[in-house]
Amino acid sequence: MSHYHIKSEKQYQEAYLESVKNPEEFWAQIAENFQWTKKWDTVLNFDFSKPEINWFQGAKLNITENCIDRHLFERANKTALLFEPNDPSEEAAHITYQQLHDRVCQLANVLKDKGIKKGDRVCLYLPMVPELAISVLACARIGAIHTVVFAGFSASALAARILDCDCKLVVTSDGAFRGSKTIDLKSIVDNALKNCPNVKTVLVVKRVHSEISLTENRDLWLQPLLDKAEKTCTPEVMDAEDPLFILYTSGSTGKPKGMVHTTAGYMVYSAFTFKNVFQYEEEDVYWCTADIGWITGHSYIVYGPLANGATSVMFEGVPSYPDYGRFWDIVQKHKVNQFYTAPTAIRALAKEGATWPSTYDLSSLKVLGTVGEPINDEAWHWYDEHIGKGTCPIVDTWWQTENGGILITSLPGITKQIPTFATLPMPGIQPCLMDENGEEINTTEASGGLCIKFPWPSIARTIWGNHDRYRDTYFSAYKNKYFTGDGALRNAEGLYRITGRVDDVIIVSGHNLGTAPIEDAIDEHLKVSESAIVGFPHDIKGNALYGYVTLVNSLSTSSETETNQLKKEINDLISAKIGPIAKLDKIQFTEGLPKTRSGKIMRRILRKIASNETNNLGDISTLLNPEVVEKIIEERL
Ligand code: PRX
C-alpha cells in the first residue's frame with residue numbers, strides 16, 4: 001500500500017511505524033510517486049559523526065520535470081501560480097502549468113546564454129513577483145544552484161551572501177511594491193556589487209517602471225531577452241545529491257550559514273509533507289503567505305505545491321495594504337482552501353479586530369496553518385474562531401531552514417490538535433528530548449533539548465564552504481543526533497510543544513536573528529565599546545530586541561537629543577549591515593555589562609531584566625561586576 005497520501009489516523013500510525021521500522025522501504029515507496037530519469041541504487045547511506053547523508057544515491061532526475069513537465073498531460077491549463085499583486089486593482093495573473101513551463105524554459109535559456117552552467121551559483125534578489133518563482137525553477141532546470149536573498153536584506157547582507165557562495169549572476173528588479181511604498185531594489189544591488197567582482201551579469205525585471213541606471217556590460221533588462229528565447233529547454237540530468245539551492249540562515253555566532261539542500265531528497269520530502277499536512281486535493285487553491293526568500297516559500301510556495309500539481313497563490317503585498325482586510329479579501333476572491341501564515345501576522349491582524357475578517361466570505365477555507373515561531377494561546381484561538389470559524393483544523397508546523405520540510409505537526413482532521421502544540425512527528429521523523437547531562441530522556445512526559453535521531457530525506461547536507469561548522473553546529477552537542485537548537489516538552493500522550501530557542505538566536509516576527517551579527521554591527525559605531533542583545537516578549541512580533549550598549553571611555557550621552565541621535569545611528573547601522581528587520585526596539589546605555597569571572601556576558605540576567613523579571617535573577621554574587629546589575633535595573637526602559 002502506498003503511504004503517499006495519509007487520510008486517517010490509522011494510516012498515519014501505520015505509516016509512522018513503517019517509516020521507523022523500515023525507513024528505506026518506506027521512503028522508496030514514497031519516491032515511487034515521482035518521475036526519475038534513473039532510479040536509485042541505494043535509498044540511504046549516512047554517518048552522523050562525519051556527518052554524511054546520502055538519499056537515493058545513483059538516482060537521476062530533474063526537479064522541474066516533476067514540478068512542471070509531468071503535469072502537462074493532465075493539467076496543462078490548470079493554474080500553477082496565482083499571482084495576486086500588491087495593488088488590489090491590478091488584475092491577478094493565473095499562470096497555467098503550460099505557461100509556467102514556457103516561461104521557465106525561456107528564462108533557463110537566457111541563463112544558459114549568459115554562460116550559466118550546472119553547479120554555478122545564481123543569486124535571486126526579487127520581490128514576490130512571478131519571475132521569482134520562475135527564476136528558481138529556471139536555475140533548477142539547468143542545474144544552477146539558486147540562492148534567494150530576501151529582498152528586505154541590506155546591500156552589505158546581500159554582498160556577504162553573494163561572496164560567500166561566489167555567485168556569477170544576479171536576477172533582480174527595478175524595484176518592489178510593498179504596500180504604499182516603492183523600494184528601490186536595483187540600487188541596493190548596485191551597492192552590493194561594488195564588492196562582488198565575480199558577478200558578471202545582472203538581469204533586471206521591470207516591475208515598478210522607475211528610472212534606474214543600468215551598468216554597461218553587466219545589467220540587462222530581462223524581458224527583451226525572454227522574448228527572443230525558445231520555449232523549450234532540455235532539463236539538465238541531475239544526480240540525487242547534486243545541490244539544488246543554498247539558503248542562508250542566521251546562526252547564534254558568526255556569519256550567516258549557507259544551508260545546502262540537494263535535489264532528490266528535498267523534492268520527495270517537501271512534496272510528501274505538502275500533500276499530507278495541507279491535505280491538498282486536485283481542485284484546491286492553496287495559499288502560503290511567506291516570502292520565497294525564506295525556506296517556507298521555497299518548500300511550500302514553489303517546490304512542494306508544484307510537485308503535487310497544485311495551484312499555489314503568490315502574494316506580492318502586505319497584510320495591511322490597502323487595509324487590514326487584505327488577506328481575507330484574497331481568500332474570498334480566490335476561494336482559498338488552505339491558508340498558511342505566521343503567528344506574527346495573526347497577532348498583527350487580531351489587534352485590528354474581528355470586524356475585518358467578518359466582512360469577507362471565508363467559507364472556502366478548509367485548513368489553516370502556522371509556522372515560524374511558537375503560537376501563543378490567544379493568537380491560536382483568534383485564528384480558530386475568526387478565520388476558521390471553529391471548523392478548520394489548524395496545523396502548527398514546526399521545522400527549520402536546515403530541515404527542508406515540516407517535521408512536527410498535526411495532520412488536519414486526522415490527528416489530534418491542541419493549541420500551542422505542534423504535536424506529532426511526520427513519518428520518518430524520530431524526535432527525542434535530551435537532558436542536561438546529554439542523555440536521552442526516556443519518560444514520555446518530559447522537557448529538554450530537541451534532537452532528531454535519524455535522517456530524513458530533506459535534511460540540509462552541509463553549510464556551503466564550511467562542513468566543519470555544519471558538524472559543530474548540529475551534530476556535536478549530542479553524539480549521533482541532529483540538534484535543533486530548540487527546547488521542547490512532551491506531554492503524557494507523547495505530543496510535542498516547542499518552547500523556543502535554547503541558543504542566542506532570537507525569533508522576531510518569525511525571522512531568525514542571531515545576536516552576534518547584530519552586536520558586531522553596533523560595535524562598529526565609533527562611540528560604542530560593547531553591546532549585548534537579548535529578546536523580550538512583544539505583543540505582535542513575539543519577541544523584540546533589547547540592546548544594552550556601553551560607550552567607549554565611559555562616554556555618556558548628556559542630553560536627550562544626543563541620546564536619541566545615538567540610538568538612531570545605531571539602528572541605522574544595523575539596517576545597513578543586516579536590514580531593517582534586525583533593528584532594536586529598545587536601546588539602553590549602560591556603564592557596564594554583567595560578566596562572569598571569565599569575562600562572558602551574562603545574557604540570562606540581561607534577558608530577565610529586559611522582560612521585567614527582576615525579582616528572579618538568581619545568584620549574581622559570583623559575577624565579576626555585580627554592581628552594574630542594580631544600575632541596569634534602575635535605568636531599565
Ligand atoms: O525555533 C523554531 C522556530 O523557528 C526556528 C526555525 O526558523 P527558520 O529556520 O527561519 O525556519 C522557519 C520556518 C520553517 C525553529 O528552530 N519555529 C518554526 N516553526 C515553529 C517554531 N517554533 C515553534 N512552533 C513552530 N511551529
# chains A, B, ... in the order shown; residues from 1 in each chain; ligands from 1
>>> residues_around(residues="region 335-351 of chain A", least_positions_apart="3", cutoff="7 Å", atoms="only C-alpha atoms", output="PyMOL selection string")
chain A and resi 278+284-290+324+331-332+354+364-373+375+379+382-383+509-510+540-542
>>> write_last_selection(atoms="N, CA and C atoms", output="compact mmCIF listing (two decimals), in the first residue's frame")
# COMPACT_ATOMS: atom_id res chain seq x y z
N PHE A 278 -1.33 19.63 4.34
CA PHE A 278 -2.43 20.50 3.91
C PHE A 278 -3.58 19.71 3.31
N ASP A 284 -8.21 22.27 -5.25
CA ASP A 284 -7.99 23.27 -4.20
C ASP A 284 -7.09 24.42 -4.64
N VAL A 285 -7.33 25.56 -4.00
CA VAL A 285 -6.43 26.72 -4.15
C VAL A 285 -5.73 26.89 -2.81
N TYR A 286 -4.41 26.86 -2.87
CA TYR A 286 -3.60 26.86 -1.64
C TYR A 286 -2.82 28.16 -1.57
N TRP A 287 -2.75 28.74 -0.37
CA TRP A 287 -2.01 29.99 -0.23
C TRP A 287 -1.12 29.99 0.99
N CYS A 288 0.16 30.17 0.75
CA CYS A 288 1.14 30.35 1.82
C CYS A 288 1.60 31.80 1.72
N THR A 289 1.50 32.55 2.81
CA THR A 289 1.79 33.99 2.76
C THR A 289 3.28 34.32 2.92
N ALA A 290 4.11 33.30 3.06
CA ALA A 290 5.55 33.57 3.27
C ALA A 290 6.16 34.21 2.03
N TYR A 324 -6.57 46.40 6.56
CA TYR A 324 -6.33 45.15 7.29
C TYR A 324 -7.24 43.99 6.87
N VAL A 331 -8.54 35.71 0.23
CA VAL A 331 -9.15 34.39 0.48
C VAL A 331 -10.51 34.32 -0.21
N GLN A 332 -11.30 35.39 -0.06
CA GLN A 332 -12.64 35.42 -0.67
C GLN A 332 -12.54 35.41 -2.20
N ALA A 354 -11.88 41.81 14.96
CA ALA A 354 -12.50 40.72 14.19
C ALA A 354 -13.46 41.23 13.13
N SER A 364 -14.60 29.18 2.02
CA SER A 364 -13.81 28.21 1.22
C SER A 364 -12.73 27.53 2.06
N LEU A 365 -12.33 28.15 3.17
CA LEU A 365 -11.19 27.63 3.93
C LEU A 365 -11.47 26.25 4.53
N LYS A 366 -10.49 25.36 4.37
CA LYS A 366 -10.61 24.01 4.94
C LYS A 366 -9.53 23.73 5.97
N VAL A 367 -8.33 24.28 5.73
CA VAL A 367 -7.20 24.01 6.62
C VAL A 367 -6.45 25.32 6.87
N LEU A 368 -6.09 25.56 8.13
CA LEU A 368 -5.25 26.71 8.45
C LEU A 368 -3.91 26.21 8.97
N GLY A 369 -2.86 26.96 8.67
CA GLY A 369 -1.54 26.54 9.15
C GLY A 369 -0.78 27.70 9.75
N THR A 370 0.15 27.39 10.65
CA THR A 370 1.07 28.42 11.15
C THR A 370 2.49 27.86 11.15
N VAL A 371 3.44 28.75 11.09
CA VAL A 371 4.85 28.36 11.05
C VAL A 371 5.74 29.52 11.46
N GLY A 372 6.89 29.20 12.00
CA GLY A 372 7.94 30.20 12.19
C GLY A 372 8.31 30.46 13.62
N GLU A 373 7.37 30.25 14.53
CA GLU A 373 7.65 30.50 15.95
C GLU A 373 6.50 29.88 16.73
N ILE A 375 3.16 29.55 18.55
CA ILE A 375 1.95 30.38 18.51
C ILE A 375 1.37 30.42 19.92
N ALA A 379 -3.54 33.98 20.22
CA ALA A 379 -3.50 34.08 18.75
C ALA A 379 -4.11 32.83 18.14
N TRP A 382 -7.89 33.09 18.35
CA TRP A 382 -8.42 34.11 17.43
C TRP A 382 -8.48 33.54 16.01
N TYR A 383 -7.40 32.89 15.63
CA TYR A 383 -7.29 32.27 14.29
C TYR A 383 -8.42 31.24 14.11
N SER A 509 9.25 38.48 14.77
CA SER A 509 8.27 38.40 13.68
C SER A 509 8.54 37.20 12.79
N GLY A 510 8.89 36.10 13.40
CA GLY A 510 9.12 34.87 12.63
C GLY A 510 10.48 34.81 11.94
N ILE A 540 3.07 41.64 19.24
CA ILE A 540 2.86 41.28 17.83
C ILE A 540 4.03 40.52 17.26
N LYS A 541 5.23 41.01 17.55
CA LYS A 541 6.40 40.37 16.94
C LYS A 541 6.78 39.05 17.64
N GLY A 542 6.15 38.75 18.75
CA GLY A 542 6.55 37.56 19.51
C GLY A 542 7.70 37.93 20.43
>>> residues_around(residues="Asp242 (chain A)", least_positions_apart="5", cutoff="12 Å", atoms="only C-alpha atoms", output="NGL selection string")
:A and (54-63 or 118-120 or 140 or 142-145 or 236-237 or 260-266 or 460-461)
>>> closest_atom_pairs(of="chain A", to="ligand 1", cutoff="8 Å", atoms="only C-alpha atoms and all ligand atoms", output="Markdown table")
| residue | atom | partner | partner_atom_place_in_ligand_line | distance |
| --- | --- | --- | --- | --- |
| A:Thr249 | CA | ligand 1 | 9 (O) | 6.3 |
| A:Trp294 | CA | ligand 1 | 10 (O) | 6.9 |
| A:Ile295 | CA | ligand 1 | 14 (C) | 6.1 |
| A:Thr296 | CA | ligand 1 | 13 (C) | 5.4 |
| A:Thr370 | CA | ligand 1 | 26 (N) | 6.2 |
| A:Val371 | CA | ligand 1 | 26 (N) | 4.4 |
| A:Gly372 | CA | ligand 1 | 18 (C) | 3.5 |
| A:Glu373 | CA | ligand 1 | 21 (C) | 3.4 |
| A:Pro374 | CA | ligand 1 | 23 (C) | 3.4 |
| A:Ile375 | CA | ligand 1 | 24 (N) | 6.3 |
| A:Asp396 | CA | ligand 1 | 26 (N) | 4.9 |
| A:Thr397 | CA | ligand 1 | 26 (N) | 4.2 |
| A:Trp398 | CA | ligand 1 | 26 (N) | 3.6 |
| A:Trp399 | CA | ligand 1 | 14 (C) | 4.6 |
| A:Gln400 | CA | ligand 1 | 9 (O) | 3.7 |
| A:Thr401 | CA | ligand 1 | 9 (O) | 3.7 |
| A:Glu402 | CA | ligand 1 | 9 (O) | 6.3 |
| A:Asn403 | CA | ligand 1 | 14 (C) | 7.9 |
| A:Gly404 | CA | ligand 1 | 14 (C) | 8.0 |
| A:Gly405 | CA | ligand 1 | 14 (C) | 7.4 |
| A:Ile406 | CA | ligand 1 | 14 (C) | 7.2 |
| A:Ile408 | CA | ligand 1 | 26 (N) | 7.9 |
| A:Thr409 | CA | ligand 1 | 26 (N) | 7.7 |
| A:Thr420 | CA | ligand 1 | 24 (N) | 7.7 |
| A:Phe421 | CA | ligand 1 | 24 (N) | 7.7 |
| A:Ala422 | CA | ligand 1 | 26 (N) | 6.0 |
| A:Thr484 | CA | ligand 1 | 16 (O) | 6.2 |
| A:Gly485 | CA | ligand 1 | 16 (O) | 6.2 |
| A:Asp486 | CA | ligand 1 | 16 (O) | 5.4 |
| A:Arg497 | CA | ligand 1 | 24 (N) | 7.5 |
| A:Ile498 | CA | ligand 1 | 23 (C) | 4.9 |
| A:Thr499 | CA | ligand 1 | 23 (C) | 6.7 |
| A:Gly500 | CA | ligand 1 | 1 (O) | 5.1 |
| A:Arg501 | CA | ligand 1 | 1 (O) | 5.0 |
| A:Ile507 | CA | ligand 1 | 4 (O) | 6.8 |
| A:Gly510 | CA | ligand 1 | 12 (C) | 6.8 |
| A:His511 | CA | ligand 1 | 10 (O) | 5.5 |
| A:Asn512 | CA | ligand 1 | 10 (O) | 5.0 |
>>> residues_around(residues="region 514-520 of chain A", least_positions_apart="2", cutoff="12 Å", atoms="only C-alpha atoms", output="PyMOL selection string")
chain A and resi 157+249-257+501+503-508+511-512+522-525+528-535+544-550+570-584+603
>>> write_last_selection(atoms="N, CA and C atoms", output="short mmCIF file (atom, residue, chain, number, x, y, z; two decimals), in the first residue's frame")
data_model
loop_
_atom_site.label_atom_id
_atom_site.label_comp_id
_atom_site.auth_asym_id
_atom_site.auth_seq_id
_atom_site.Cartn_x
_atom_site.Cartn_y
_atom_site.Cartn_z
N ALA A 157 24.42 42.84 3.55
CA ALA A 157 23.99 41.45 3.80
C ALA A 157 23.91 40.70 2.47
N THR A 249 20.81 31.21 6.60
CA THR A 249 20.06 31.39 7.84
C THR A 249 21.03 31.89 8.90
N SER A 250 20.49 32.67 9.86
CA SER A 250 21.38 33.25 10.87
C SER A 250 21.80 32.19 11.87
N GLY A 251 23.00 32.31 12.33
CA GLY A 251 23.45 31.46 13.43
C GLY A 251 23.57 32.31 14.67
N SER A 252 23.85 31.64 15.80
CA SER A 252 23.99 32.44 17.02
C SER A 252 25.32 33.18 16.99
N THR A 253 26.26 32.66 16.23
CA THR A 253 27.54 33.37 16.12
C THR A 253 27.94 33.48 14.65
N GLY A 254 28.80 34.44 14.38
CA GLY A 254 29.45 34.50 13.07
C GLY A 254 28.54 34.83 11.92
N LYS A 255 29.07 34.58 10.73
CA LYS A 255 28.33 34.98 9.53
C LYS A 255 27.20 33.99 9.24
N PRO A 256 26.24 34.40 8.40
CA PRO A 256 25.12 33.51 8.11
C PRO A 256 25.58 32.19 7.50
N LYS A 257 24.78 31.17 7.74
CA LYS A 257 25.14 29.83 7.28
C LYS A 257 24.42 29.52 5.98
N ARG A 501 13.93 28.79 21.34
CA ARG A 501 15.35 28.57 21.12
C ARG A 501 16.09 28.43 22.46
N ASP A 503 19.48 28.72 22.24
CA ASP A 503 20.76 29.38 21.97
C ASP A 503 20.53 30.87 21.80
N ASP A 504 21.50 31.56 21.24
CA ASP A 504 21.38 33.01 21.11
C ASP A 504 20.75 33.44 19.80
N VAL A 505 19.83 32.63 19.31
CA VAL A 505 19.05 33.08 18.16
C VAL A 505 17.72 33.60 18.71
N ILE A 506 17.29 34.76 18.24
CA ILE A 506 16.02 35.33 18.69
C ILE A 506 15.09 35.39 17.49
N ILE A 507 13.85 34.94 17.69
CA ILE A 507 12.92 34.96 16.57
C ILE A 507 12.01 36.18 16.69
N VAL A 508 12.21 37.11 15.76
CA VAL A 508 11.46 38.36 15.76
C VAL A 508 10.54 38.34 14.55
N HIS A 511 11.30 35.85 12.07
CA HIS A 511 12.62 35.81 11.43
C HIS A 511 13.70 35.48 12.44
N ASN A 512 14.56 34.55 12.08
CA ASN A 512 15.68 34.17 12.94
C ASN A 512 16.73 35.26 12.94
N ILE A 522 26.61 46.89 15.78
CA ILE A 522 26.57 48.01 16.74
C ILE A 522 27.99 48.40 17.15
N ASP A 523 28.81 47.39 17.37
CA ASP A 523 30.17 47.66 17.87
C ASP A 523 31.02 48.42 16.85
N GLU A 524 30.54 48.44 15.60
CA GLU A 524 31.29 49.22 14.61
C GLU A 524 31.13 50.72 14.82
N HIS A 525 30.12 51.13 15.58
CA HIS A 525 29.95 52.56 15.84
C HIS A 525 31.14 53.04 16.67
N VAL A 528 30.86 53.21 20.39
CA VAL A 528 30.42 52.04 21.15
C VAL A 528 31.60 51.17 21.55
N SER A 529 31.59 50.78 22.83
CA SER A 529 32.66 49.89 23.28
C SER A 529 32.19 48.45 23.22
N GLU A 530 30.95 48.21 23.66
CA GLU A 530 30.49 46.83 23.76
C GLU A 530 28.96 46.81 23.78
N SER A 531 28.40 45.71 23.34
CA SER A 531 26.93 45.64 23.36
C SER A 531 26.47 44.21 23.58
N ALA A 532 25.24 44.08 24.05
CA ALA A 532 24.63 42.75 24.19
C ALA A 532 23.16 42.87 23.82
N ILE A 533 22.72 41.93 23.00
CA ILE A 533 21.33 41.95 22.54
C ILE A 533 20.58 40.79 23.19
N VAL A 534 19.39 41.06 23.65
CA VAL A 534 18.52 39.96 24.13
C VAL A 534 17.12 40.18 23.57
N GLY A 535 16.29 39.14 23.68
CA GLY A 535 14.91 39.28 23.24
C GLY A 535 14.02 39.57 24.44
N ALA A 544 10.89 41.07 20.68
CA ALA A 544 11.53 42.24 20.09
C ALA A 544 12.94 42.29 20.67
N LEU A 545 13.77 43.15 20.09
CA LEU A 545 15.17 43.18 20.51
C LEU A 545 15.44 44.32 21.49
N TYR A 546 16.18 44.00 22.53
CA TYR A 546 16.59 44.96 23.55
C TYR A 546 18.10 44.98 23.53
N GLY A 547 18.68 46.16 23.33
CA GLY A 547 20.14 46.24 23.27
C GLY A 547 20.69 46.99 24.47
N TYR A 548 21.70 46.41 25.11
CA TYR A 548 22.44 47.10 26.17
C TYR A 548 23.76 47.53 25.55
N VAL A 549 24.04 48.82 25.63
CA VAL A 549 25.21 49.33 24.92
C VAL A 549 26.08 50.13 25.88
N THR A 550 27.37 49.80 25.93
CA THR A 550 28.29 50.65 26.70
C THR A 550 29.14 51.45 25.71
N ILE A 570 22.71 53.96 15.76
CA ILE A 570 22.91 52.52 16.00
C ILE A 570 21.92 51.72 15.15
N ASN A 571 20.67 52.13 15.15
CA ASN A 571 19.69 51.39 14.35
C ASN A 571 19.95 51.53 12.85
N ASP A 572 20.45 52.70 12.44
CA ASP A 572 20.79 52.87 11.01
C ASP A 572 21.92 51.92 10.62
N LEU A 573 22.86 51.78 11.53
CA LEU A 573 23.99 50.89 11.28
C LEU A 573 23.50 49.44 11.14
N ILE A 574 22.59 49.06 12.01
CA ILE A 574 22.04 47.70 11.94
C ILE A 574 21.28 47.50 10.63
N SER A 575 20.49 48.53 10.26
CA SER A 575 19.74 48.45 8.99
C SER A 575 20.68 48.28 7.82
N ALA A 576 21.77 49.03 7.86
CA ALA A 576 22.70 48.97 6.74
C ALA A 576 23.46 47.65 6.69
N LYS A 577 23.82 47.13 7.85
CA LYS A 577 24.62 45.90 7.88
C LYS A 577 23.77 44.66 7.68
N ILE A 578 22.56 44.66 8.24
CA ILE A 578 21.76 43.44 8.19
C ILE A 578 20.44 43.69 7.46
N GLY A 579 19.71 44.70 7.90
CA GLY A 579 18.42 45.00 7.29
C GLY A 579 17.50 45.52 8.38
N PRO A 580 16.42 46.21 7.99
CA PRO A 580 15.55 46.83 8.99
C PRO A 580 14.93 45.81 9.96
N ILE A 581 14.81 44.53 9.54
CA ILE A 581 14.19 43.56 10.45
C ILE A 581 14.99 43.37 11.74
N ALA A 582 16.25 43.75 11.72
CA ALA A 582 17.08 43.49 12.90
C ALA A 582 17.20 44.72 13.82
N LYS A 583 16.40 45.77 13.53
CA LYS A 583 16.51 46.99 14.35
C LYS A 583 16.06 46.72 15.80
N LEU A 584 16.64 47.48 16.72
CA LEU A 584 16.32 47.29 18.14
C LEU A 584 15.09 48.11 18.53
N ARG A 603 24.00 36.89 29.55
CA ARG A 603 22.77 37.28 28.84
C ARG A 603 21.52 36.86 29.60
#
>>> select_by_dssp(residues="region 217-364 of chain A", states="strand (DSSP E or B)", output="ChimeraX atom specification")
/A:219-221,238-239,243-249,257-262,285-288,311-315,338-341
>>> atom_distance(atom1="CA of Val43 (chain A)", atom2="CA of His3 (chain A)")
16.5 Å
>>> atom_distance(atom1="CA of Met238 (chain A)", atom2="CA of Glu74 (chain A)")
25.0 Å
>>> residues_around(residues="region 610-614 of chain A", least_positions_apart="2", cutoff="10 Å", atoms="only C-alpha atoms", output="list in words")
Ile533, Val534, Gly535, Phe536, Pro537, His538, Leu545, Tyr546, Gly547, Tyr548, Lys586, Gln588, Ile605, Leu606, Arg607, Lys608, Asn616, Leu617, Gly618, Val629, Glu630, Ile632, Ile633, Arg636 and Leu637 of chain A
>>> write_last_selection(atoms="N, CA and C atoms", output="mmCIF file, in the first residue's frame")
data_model
loop_
_atom_site.group_PDB
_atom_site.id
_atom_site.type_symbol
_atom_site.label_atom_id
_atom_site.label_comp_id
_atom_site.auth_asym_id
_atom_site.auth_seq_id
_atom_site.Cartn_x
_atom_site.Cartn_y
_atom_site.Cartn_z
ATOM 1 N N ILE A 533 22.725 41.929 23.003
ATOM 2 C CA ILE A 533 21.334 41.947 22.543
ATOM 3 C C ILE A 533 20.584 40.786 23.187
ATOM 4 N N VAL A 534 19.386 41.061 23.652
ATOM 5 C CA VAL A 534 18.525 39.962 24.130
ATOM 6 C C VAL A 534 17.124 40.179 23.568
ATOM 7 N N GLY A 535 16.293 39.144 23.676
ATOM 8 C CA GLY A 535 14.910 39.284 23.243
ATOM 9 C C GLY A 535 14.017 39.575 24.441
ATOM 10 N N PHE A 536 12.904 40.246 24.200
ATOM 11 C CA PHE A 536 11.885 40.398 25.255
ATOM 12 C C PHE A 536 10.511 40.253 24.597
ATOM 13 N N PRO A 537 9.519 39.802 25.392
ATOM 14 C CA PRO A 537 8.220 39.499 24.780
ATOM 15 C C PRO A 537 7.568 40.736 24.163
ATOM 16 N N HIS A 538 6.966 40.544 22.992
ATOM 17 C CA HIS A 538 6.316 41.641 22.284
ATOM 18 C C HIS A 538 4.980 41.123 21.761
ATOM 19 N N LEU A 545 13.773 43.145 20.085
ATOM 20 C CA LEU A 545 15.173 43.183 20.508
ATOM 21 C C LEU A 545 15.442 44.324 21.486
ATOM 22 N N TYR A 546 16.181 43.998 22.527
ATOM 23 C CA TYR A 546 16.585 44.962 23.550
ATOM 24 C C TYR A 546 18.103 44.979 23.528
ATOM 25 N N GLY A 547 18.678 46.156 23.329
ATOM 26 C CA GLY A 547 20.138 46.244 23.270
ATOM 27 C C GLY A 547 20.694 46.987 24.472
ATOM 28 N N TYR A 548 21.703 46.410 25.106
ATOM 29 C CA TYR A 548 22.439 47.098 26.165
ATOM 30 C C TYR A 548 23.760 47.527 25.549
ATOM 31 N N LYS A 586 14.433 48.664 21.796
ATOM 32 C CA LYS A 586 14.885 49.446 22.946
ATOM 33 C C LYS A 586 16.400 49.419 23.012
ATOM 34 N N GLN A 588 19.387 50.614 25.690
ATOM 35 C CA GLN A 588 19.731 51.177 26.998
ATOM 36 C C GLN A 588 21.238 51.348 27.068
ATOM 37 N N ILE A 605 20.853 37.122 32.658
ATOM 38 C CA ILE A 605 20.433 38.216 33.538
ATOM 39 C C ILE A 605 19.843 39.356 32.723
ATOM 40 N N LEU A 606 20.516 39.676 31.643
ATOM 41 C CA LEU A 606 20.033 40.787 30.805
ATOM 42 C C LEU A 606 18.666 40.461 30.212
ATOM 43 N N ARG A 607 18.470 39.191 29.872
ATOM 44 C CA ARG A 607 17.187 38.757 29.313
ATOM 45 C C ARG A 607 16.075 38.966 30.345
ATOM 46 N N LYS A 608 16.383 38.607 31.592
ATOM 47 C CA LYS A 608 15.369 38.751 32.646
ATOM 48 C C LYS A 608 15.061 40.222 32.904
ATOM 49 N N ASN A 616 13.754 37.673 40.063
ATOM 50 C CA ASN A 616 14.095 36.269 39.912
ATOM 51 C C ASN A 616 15.422 36.118 39.152
ATOM 52 N N LEU A 617 16.412 36.909 39.576
ATOM 53 C CA LEU A 617 17.655 36.941 38.792
ATOM 54 C C LEU A 617 18.631 35.815 39.118
ATOM 55 N N GLY A 618 18.360 35.093 40.200
ATOM 56 C CA GLY A 618 19.297 34.034 40.594
ATOM 57 C C GLY A 618 20.499 34.656 41.301
ATOM 58 N N VAL A 629 24.515 45.430 37.793
ATOM 59 C CA VAL A 629 23.173 44.875 37.601
ATOM 60 C C VAL A 629 22.114 45.814 38.174
ATOM 61 N N GLU A 630 22.375 46.276 39.391
ATOM 62 C CA GLU A 630 21.399 47.164 40.029
ATOM 63 C C GLU A 630 21.153 48.426 39.192
ATOM 64 N N ILE A 632 21.590 48.782 36.030
ATOM 65 C CA ILE A 632 20.858 48.458 34.797
ATOM 66 C C ILE A 632 19.360 48.315 35.101
ATOM 67 N N ILE A 633 19.062 47.678 36.231
ATOM 68 C CA ILE A 633 17.640 47.516 36.606
ATOM 69 C C ILE A 633 16.995 48.888 36.812
ATOM 70 N N ARG A 636 16.277 50.634 33.548
ATOM 71 C CA ARG A 636 15.601 49.803 32.556
ATOM 72 C C ARG A 636 14.548 50.607 31.782
ATOM 73 N N LEU A 637 14.444 50.341 30.482
ATOM 74 C CA LEU A 637 13.489 51.113 29.657
ATOM 75 C C LEU A 637 12.126 50.449 29.646
#
>>> select_by_dssp(residues="region 456-519 of chain A", states="helix (DSSP H, G or I)", output="number ranges by chain")
A: 467-474, 515-519
>>> atom_distance(atom1="CA of Met426 (chain A)", atom2="CA of Tyr16 (chain A)")
7.2 Å
>>> decode(residues="region 36-43 of chain A", atoms="N, CA, C and O atoms", output="short mmCIF file (atom, residue, chain, number, x, y, z; two decimals), in the first residue's frame")
data_model
loop_
_atom_site.label_atom_id
_atom_site.label_comp_id
_atom_site.auth_asym_id
_atom_site.auth_seq_id
_atom_site.Cartn_x
_atom_site.Cartn_y
_atom_site.Cartn_z
N TRP A 36 11.60 9.74 -12.46
CA TRP A 36 13.07 9.61 -12.37
C TRP A 36 13.62 9.29 -13.75
O TRP A 36 13.07 8.47 -14.46
N THR A 37 14.73 9.90 -14.08
CA THR A 37 15.42 9.52 -15.31
C THR A 37 16.06 8.14 -15.08
O THR A 37 16.09 7.29 -15.96
N LYS A 38 16.57 7.96 -13.86
CA LYS A 38 17.08 6.65 -13.44
C LYS A 38 16.79 6.52 -11.95
O LYS A 38 16.98 7.49 -11.20
N LYS A 39 16.34 5.34 -11.54
CA LYS A 39 16.05 5.17 -10.12
C LYS A 39 17.33 4.95 -9.31
O LYS A 39 18.39 4.66 -9.86
N TRP A 40 17.22 5.03 -8.01
CA TRP A 40 18.35 4.95 -7.09
C TRP A 40 18.94 3.54 -7.01
O TRP A 40 18.27 2.54 -7.26
N ASP A 41 20.21 3.51 -6.61
CA ASP A 41 20.85 2.22 -6.30
C ASP A 41 20.66 1.90 -4.82
O ASP A 41 20.39 0.76 -4.45
N THR A 42 20.83 2.91 -3.98
CA THR A 42 20.57 2.70 -2.54
C THR A 42 19.68 3.84 -2.07
O THR A 42 19.79 4.97 -2.56
N VAL A 43 18.82 3.53 -1.09
CA VAL A 43 17.91 4.58 -0.60
C VAL A 43 18.66 5.51 0.35
O VAL A 43 18.54 6.73 0.25
#
